[in-house]
$ cat model36.cif   # mmCIF, C-alpha atoms
data_data
loop_
_atom_site.label_atom_id
_atom_site.label_comp_id
_atom_site.auth_asym_id
_atom_site.auth_seq_id
_atom_site.Cartn_x
_atom_site.Cartn_y
_atom_site.Cartn_z
CA MET A 1 -38.98 -30.02 -60.19
CA VAL A 2 -37.55 -27.56 -57.72
CA VAL A 3 -39.96 -26.38 -55.03
CA GLU A 4 -39.08 -23.07 -53.39
CA ASN A 5 -39.62 -22.80 -49.65
CA SER A 6 -41.65 -19.65 -48.96
CA GLU A 7 -41.28 -19.93 -45.17
CA ALA A 8 -38.88 -17.65 -43.28
CA PRO A 9 -35.37 -19.03 -42.90
CA GLU A 10 -34.64 -21.00 -39.74
CA THR A 11 -33.35 -18.68 -37.03
CA THR A 12 -33.15 -21.13 -34.14
CA PRO A 13 -29.51 -22.06 -33.49
CA PRO A 14 -28.57 -25.68 -33.98
CA ALA A 15 -28.96 -27.95 -31.00
CA SER A 16 -25.20 -28.19 -30.62
CA ASP A 17 -24.91 -24.40 -30.41
CA SER A 18 -27.68 -24.23 -27.80
CA THR A 19 -25.95 -26.88 -25.74
CA ALA A 20 -22.66 -25.01 -25.93
CA ALA A 21 -24.36 -21.79 -24.83
CA GLN A 22 -25.91 -23.60 -21.85
CA VAL A 23 -22.53 -25.02 -20.89
CA LEU A 24 -21.02 -21.53 -20.94
CA ALA A 25 -23.89 -20.18 -18.82
CA VAL A 26 -23.40 -22.47 -15.83
CA GLY A 27 -20.67 -23.26 -13.37
CA ASN A 28 -19.10 -21.78 -10.27
CA PRO A 29 -15.72 -20.03 -10.73
CA MET A 30 -15.23 -20.00 -6.95
CA LEU A 31 -14.38 -23.70 -7.18
CA VAL A 32 -11.16 -22.66 -8.92
CA ALA A 33 -10.52 -19.34 -7.19
CA LEU A 34 -11.04 -20.33 -3.56
CA PRO A 35 -8.66 -23.31 -3.26
CA THR A 36 -5.86 -21.49 -5.07
CA PHE A 37 -6.50 -18.43 -2.90
CA LEU A 38 -6.23 -20.66 0.17
CA VAL A 39 -2.87 -22.11 -0.86
CA GLY A 40 -1.26 -18.65 -0.96
CA SER A 41 -3.02 -17.56 2.21
CA ILE A 42 -1.95 -20.58 4.25
CA THR A 43 1.64 -20.12 3.06
CA LEU A 44 1.54 -16.44 4.02
CA GLY A 45 0.15 -17.25 7.46
CA LEU A 46 2.85 -19.85 8.10
CA TRP A 47 5.49 -17.34 7.03
CA LEU A 48 4.16 -14.62 9.32
CA VAL A 49 4.06 -16.84 12.40
CA ASP A 50 7.68 -17.89 11.81
CA TYR A 51 6.91 -21.45 10.80
CA LEU A 52 9.01 -20.83 7.70
CA PRO A 53 12.55 -19.41 7.99
CA VAL A 54 12.87 -15.68 7.47
CA ALA A 55 15.81 -16.07 5.06
CA LEU A 56 14.12 -18.16 2.39
CA PRO A 57 15.90 -19.34 -0.76
CA GLY A 58 15.09 -17.15 -3.76
CA GLY A 59 11.44 -17.44 -4.54
CA LEU A 60 10.03 -20.37 -2.56
CA VAL A 61 7.14 -18.35 -1.13
CA ALA A 62 6.95 -16.19 -4.26
CA SER A 63 6.27 -19.24 -6.42
CA VAL A 64 3.25 -20.14 -4.26
CA PHE A 65 1.96 -16.57 -4.51
CA PHE A 66 2.35 -16.67 -8.30
CA ALA A 67 0.40 -19.94 -8.44
CA SER A 68 -2.37 -18.48 -6.28
CA GLY A 69 -2.54 -15.39 -8.47
CA VAL A 70 -2.85 -17.46 -11.64
CA GLY A 71 -5.57 -19.66 -10.14
CA VAL A 72 -7.64 -16.72 -8.89
CA ILE A 73 -7.25 -14.92 -12.24
CA LEU A 74 -8.54 -18.05 -13.99
CA GLY A 75 -11.58 -17.87 -11.74
CA ALA A 76 -12.02 -14.22 -12.69
CA VAL A 77 -11.93 -15.07 -16.41
CA TRP A 78 -14.49 -17.81 -15.86
CA ALA A 79 -16.76 -15.41 -13.93
CA ALA A 80 -16.44 -12.82 -16.69
CA ARG A 81 -17.47 -15.43 -19.27
CA LEU A 82 -20.58 -16.08 -17.18
CA GLY A 83 -21.38 -12.36 -17.07
CA GLN A 84 -20.70 -12.16 -13.31
CA SER A 85 -19.01 -8.78 -13.40
CA ALA A 86 -18.86 -8.20 -9.63
CA VAL A 87 -17.40 -11.66 -8.96
CA ALA A 88 -14.93 -11.22 -11.81
CA GLY A 89 -13.85 -7.84 -10.41
CA VAL A 90 -13.31 -9.21 -6.90
CA LEU A 91 -11.40 -12.25 -8.14
CA ALA A 92 -9.28 -10.23 -10.55
CA THR A 93 -8.35 -7.88 -7.72
CA PHE A 94 -7.30 -10.71 -5.41
CA GLY A 95 -5.50 -12.47 -8.23
CA THR A 96 -3.57 -9.32 -9.02
CA PHE A 97 -2.72 -8.94 -5.34
CA TRP A 98 -1.14 -12.41 -5.22
CA LEU A 99 0.77 -11.89 -8.46
CA SER A 100 2.12 -8.53 -7.31
CA PHE A 101 2.95 -9.97 -3.89
CA GLY A 102 4.89 -12.74 -5.62
CA VAL A 103 6.82 -10.16 -7.64
CA LEU A 104 7.55 -8.17 -4.46
CA VAL A 105 8.85 -11.17 -2.52
CA PHE A 106 10.85 -12.53 -5.44
CA GLY A 107 12.39 -9.14 -6.16
CA LEU A 108 13.37 -8.45 -2.55
CA VAL A 109 14.78 -11.92 -1.95
CA ASN A 110 16.85 -11.80 -5.14
CA GLY A 111 17.97 -8.16 -4.91
CA LEU A 112 16.15 -6.98 -8.05
CA PHE A 113 14.91 -3.65 -6.72
CA GLY A 114 18.22 -1.90 -6.14
CA VAL A 115 18.25 -2.45 -2.39
CA SER A 116 21.65 -1.61 -0.92
CA THR A 117 23.95 -4.59 -0.52
CA THR A 118 26.67 -2.70 1.36
CA ASP A 119 24.78 -0.71 4.00
CA ALA A 120 22.57 -2.88 6.23
CA ALA A 121 20.78 0.11 7.78
CA ALA A 122 19.98 1.61 4.40
CA ALA A 123 18.84 -1.76 3.09
CA GLY A 124 16.49 -2.21 6.03
CA SER A 125 14.98 1.23 5.53
CA GLN A 126 14.53 0.66 1.80
CA VAL A 127 12.86 -2.72 2.27
CA GLN A 128 10.59 -1.28 4.94
CA SER A 129 9.52 1.57 2.65
CA VAL A 130 8.80 -0.80 -0.25
CA GLN A 131 6.79 -3.20 1.90
CA ALA A 132 4.86 -0.44 3.67
CA THR A 133 3.94 1.28 0.40
CA PHE A 134 2.75 -2.02 -1.09
CA LEU A 135 0.68 -2.95 1.96
CA LEU A 136 -0.86 0.50 2.42
CA SER A 137 -1.91 0.71 -1.23
CA TRP A 138 -3.56 -2.68 -1.18
CA LEU A 139 -5.16 -2.07 2.21
CA ILE A 140 -6.91 1.06 0.92
CA VAL A 141 -8.20 -0.76 -2.17
CA LEU A 142 -9.44 -3.78 -0.22
CA VAL A 143 -11.18 -1.67 2.43
CA VAL A 144 -13.08 0.12 -0.34
CA MET A 145 -13.94 -3.26 -1.88
CA THR A 146 -15.16 -4.52 1.49
CA LEU A 147 -17.51 -1.56 1.86
CA ALA A 148 -18.71 -1.91 -1.73
CA THR A 149 -19.54 -5.62 -1.43
CA THR A 150 -21.72 -5.62 1.68
CA ARG A 151 -24.60 -6.79 -0.55
CA LEU A 152 -22.88 -10.16 -0.75
CA PRO A 153 -23.74 -12.90 1.78
CA LEU A 154 -22.33 -12.20 5.24
CA ALA A 155 -19.64 -14.90 5.02
CA TYR A 156 -17.94 -13.05 2.18
CA THR A 157 -18.01 -9.77 4.12
CA VAL A 158 -16.42 -11.53 7.10
CA LEU A 159 -13.73 -12.88 4.77
CA PHE A 160 -12.98 -9.40 3.39
CA VAL A 161 -12.91 -7.82 6.87
CA LEU A 162 -10.42 -10.42 8.10
CA VAL A 163 -8.26 -9.79 5.04
CA ASP A 164 -8.31 -6.07 5.86
CA ILE A 165 -7.39 -6.74 9.49
CA ALA A 166 -4.54 -9.02 8.46
CA LEU A 167 -3.12 -6.43 6.05
CA ALA A 168 -3.44 -3.68 8.68
CA LEU A 169 -1.61 -5.78 11.28
CA VAL A 170 1.17 -6.71 8.86
CA LEU A 171 1.50 -3.06 7.80
CA ALA A 172 1.75 -2.01 11.46
CA GLY A 173 4.29 -4.76 12.07
CA VAL A 174 6.41 -3.59 9.15
CA LEU A 175 6.31 0.06 10.19
CA ALA A 176 7.06 -0.72 13.85
CA ALA A 177 9.49 -3.54 13.06
CA SER A 178 7.40 -5.66 15.45
CA SER A 179 7.51 -9.42 15.09
CA ALA A 180 4.59 -9.69 17.52
CA LEU A 181 2.33 -7.68 15.21
CA LEU A 182 3.40 -9.83 12.27
CA VAL A 183 2.44 -12.94 14.22
CA TRP A 184 -0.97 -11.44 14.96
CA GLY A 185 -1.25 -10.68 11.26
CA GLY A 186 -0.54 -14.34 10.59
CA ILE A 187 -3.29 -15.35 13.03
CA ALA A 188 -5.72 -13.05 11.16
CA VAL A 189 -4.63 -14.72 7.91
CA PHE A 190 -5.52 -18.12 9.38
CA GLY A 191 -8.87 -16.60 10.36
CA PHE A 192 -9.80 -15.71 6.80
CA CYS A 193 -8.39 -19.06 5.65
CA LEU A 194 -11.01 -20.78 7.83
CA VAL A 195 -13.76 -18.69 6.26
CA GLY A 196 -12.39 -19.36 2.77
CA ALA A 197 -12.25 -23.10 3.46
CA TYR A 198 -15.86 -22.98 4.67
CA LEU A 199 -16.93 -21.19 1.48
CA PHE A 200 -15.06 -23.67 -0.70
CA TYR A 201 -16.46 -26.70 1.12
CA GLY A 202 -20.00 -25.34 0.78
CA ALA A 203 -19.59 -24.52 -2.90
CA MET A 204 -18.13 -27.94 -3.70
CA ALA A 205 -20.82 -29.76 -1.71
CA GLU A 206 -23.53 -27.86 -3.57
CA GLU A 207 -21.90 -28.54 -6.95
CA LEU A 208 -21.86 -32.27 -6.17
CA GLY A 209 -25.56 -32.33 -5.31
CA GLY A 210 -25.44 -31.67 -1.57
CA SER A 211 -26.84 -28.83 0.48
CA SER A 212 -25.23 -25.43 0.26
CA ALA A 213 -23.58 -24.06 3.39
CA PRO A 214 -25.46 -21.18 5.06
CA LEU A 215 -23.68 -17.92 4.26
CA GLY A 216 -25.71 -15.42 6.27
CA ALA A 217 -27.81 -12.47 5.22
CA PRO A 218 -26.08 -9.51 3.53
CA LEU A 219 -25.42 -6.46 5.65
CA THR A 220 -26.90 -4.24 2.94
CA LYS A 221 -30.06 -5.06 1.03
#

$ encode --input "model36.cif" --output "structure tokens"
Amino acid sequence: MVVENSEAPETTPPASDSTAAQVLAVGNPMLVALPTFLVGSITLGLWLVDYLPVALPGGLVASVFFASGVGVILGAVWAARLGQSAVAGVLATFGTFWLSFGVLVFGLVNGLFGVSTTDAAAAGSQVQSVQATFLLSWLIVLVVMTLATTRLPLAYTVLFVLVDIALALVLAGVLAASSALLVWGGIAVFGFCLVGAYLFYGAMAEELGGSSAPLGAPLTK
């Protein structure tokens, strides 16, 4: 005899599906984004303070910037999967910055942008224009981002402000052809590296069951 079940069909997802959903709903994408961001930043700082030779072989620094961009973009994808739109937007922006910076460095070092190879003065002017345009564009975007994210904990705002200062100093150094300003830009880079390392250490400690690092109250509530 076949007995028909008059109850409503089961709508609760299987336990395995619920577990998968919970797995997707947790995690901290900053654990991927911050260390890869730091690798590119430390390399940039060392370059600006003349620790690395100015005439680098084709793409040494660019390869680090590419790697940083990929890592930060992975963090952005992870954040987007968690529904953290603001975090995903910030990380995607920084990831795109590193990727585009890698393209810029690689192209200039390997002569891919049509820079003059016969006239040194013209080549210098062309490289200066390309670098200044790149830096100014990104500086404007990141200043707007800094102002828009003052609801984040204070440590993140400090990080963004130091990034803005570093870009402004490097831009000024490029426009004025001043190695001193570039060195100060490198020092500012090391400044936001310290903040980034603090954020990463705190996030990792919390993930492993320790206490989270104090981040400070947001400037805007």

$ closest_residue --input "model36.cif" --among "A:Val103, A:Met30, A:Leu52, A:Leu46" --to "Gly71 of chain A" --atoms "only C-alpha atoms"
A:Met30

$ resolve_selection --input "model36.cif" --expression "the PyMOL selection byres ((chain A and resi 92) around 9)" --output "MDAnalysis selection string"
chainID A and resid 69 72:77 87:91 93:97

$ residues_around --input "model36.cif" --residues "Gly45 of chain A" --least-positions-apart "5" --cutoff "12 Å" --atoms "only C-alpha atoms" --output "ChimeraX atom specification"
/A:38-40,50-52,61,163,166-167,170,182-194

$ closest_residue --input "model36.cif" --among "A:Ala197, A:Val109, A:Ala148, A:Ile165" --to "Ala86 of chain A" --atoms "all atoms listed in the file"
A:Ala148

$ axis_aligned_box --input "model36.cif" --around "segment 92-101 of chain A" --padding-each-side "5 Å" --output "AutoDock Vina command-line options"
--center_x -3.2 --center_y -10.2 --center_z -7.2 --size_x 22.2 --size_y 14.6 --size_z 16.7

$ closest_residue --input "model36.cif" --among "A:Leu159, A:Ala79, A:Ile42, A:Val105" --to "Leu60 of chain A" --atoms "all atoms listed in the file"
A:Val105

$ atom_distance --input "model36.cif" --atom1 "atom CA of Leu181 of chain A" --atom2 "atom CA of Val161 of chain A"
17.4 Å

$ decode --input "model36.cif" --residues "segment 166-178 of chain A" --atoms "C-alpha atoms" --output "PDB file, in the first residue's frame"
ATOM      1  CA  ALA A 166      53.047  59.372   0.183  1.00  0.00           C
ATOM      2  CA  LEU A 167      51.438  59.780  -3.243  1.00  0.00           C
ATOM      3  CA  ALA A 168      51.460  63.575  -2.908  1.00  0.00           C
ATOM      4  CA  LEU A 169      55.160  63.598  -1.993  1.00  0.00           C
ATOM      5  CA  VAL A 170      56.083  61.267  -4.840  1.00  0.00           C
ATOM      6  CA  LEU A 171      54.029  63.376  -7.267  1.00  0.00           C
ATOM      7  CA  ALA A 172      55.810  66.518  -6.059  1.00  0.00           C
ATOM      8  CA  GLY A 173      59.146  64.747  -6.379  1.00  0.00           C
ATOM      9  CA  VAL A 174      58.377  63.712  -9.949  1.00  0.00           C
ATOM     10  CA  LEU A 175      57.227  67.182 -10.979  1.00  0.00           C
ATOM     11  CA  ALA A 176      60.189  68.913  -9.319  1.00  0.00           C
ATOM     12  CA  ALA A 177      62.686  66.187 -10.241  1.00  0.00           C
ATOM     13  CA  SER A 178      63.611  66.151  -6.537  1.00  0.00           C
TER      14      SER A 178
END
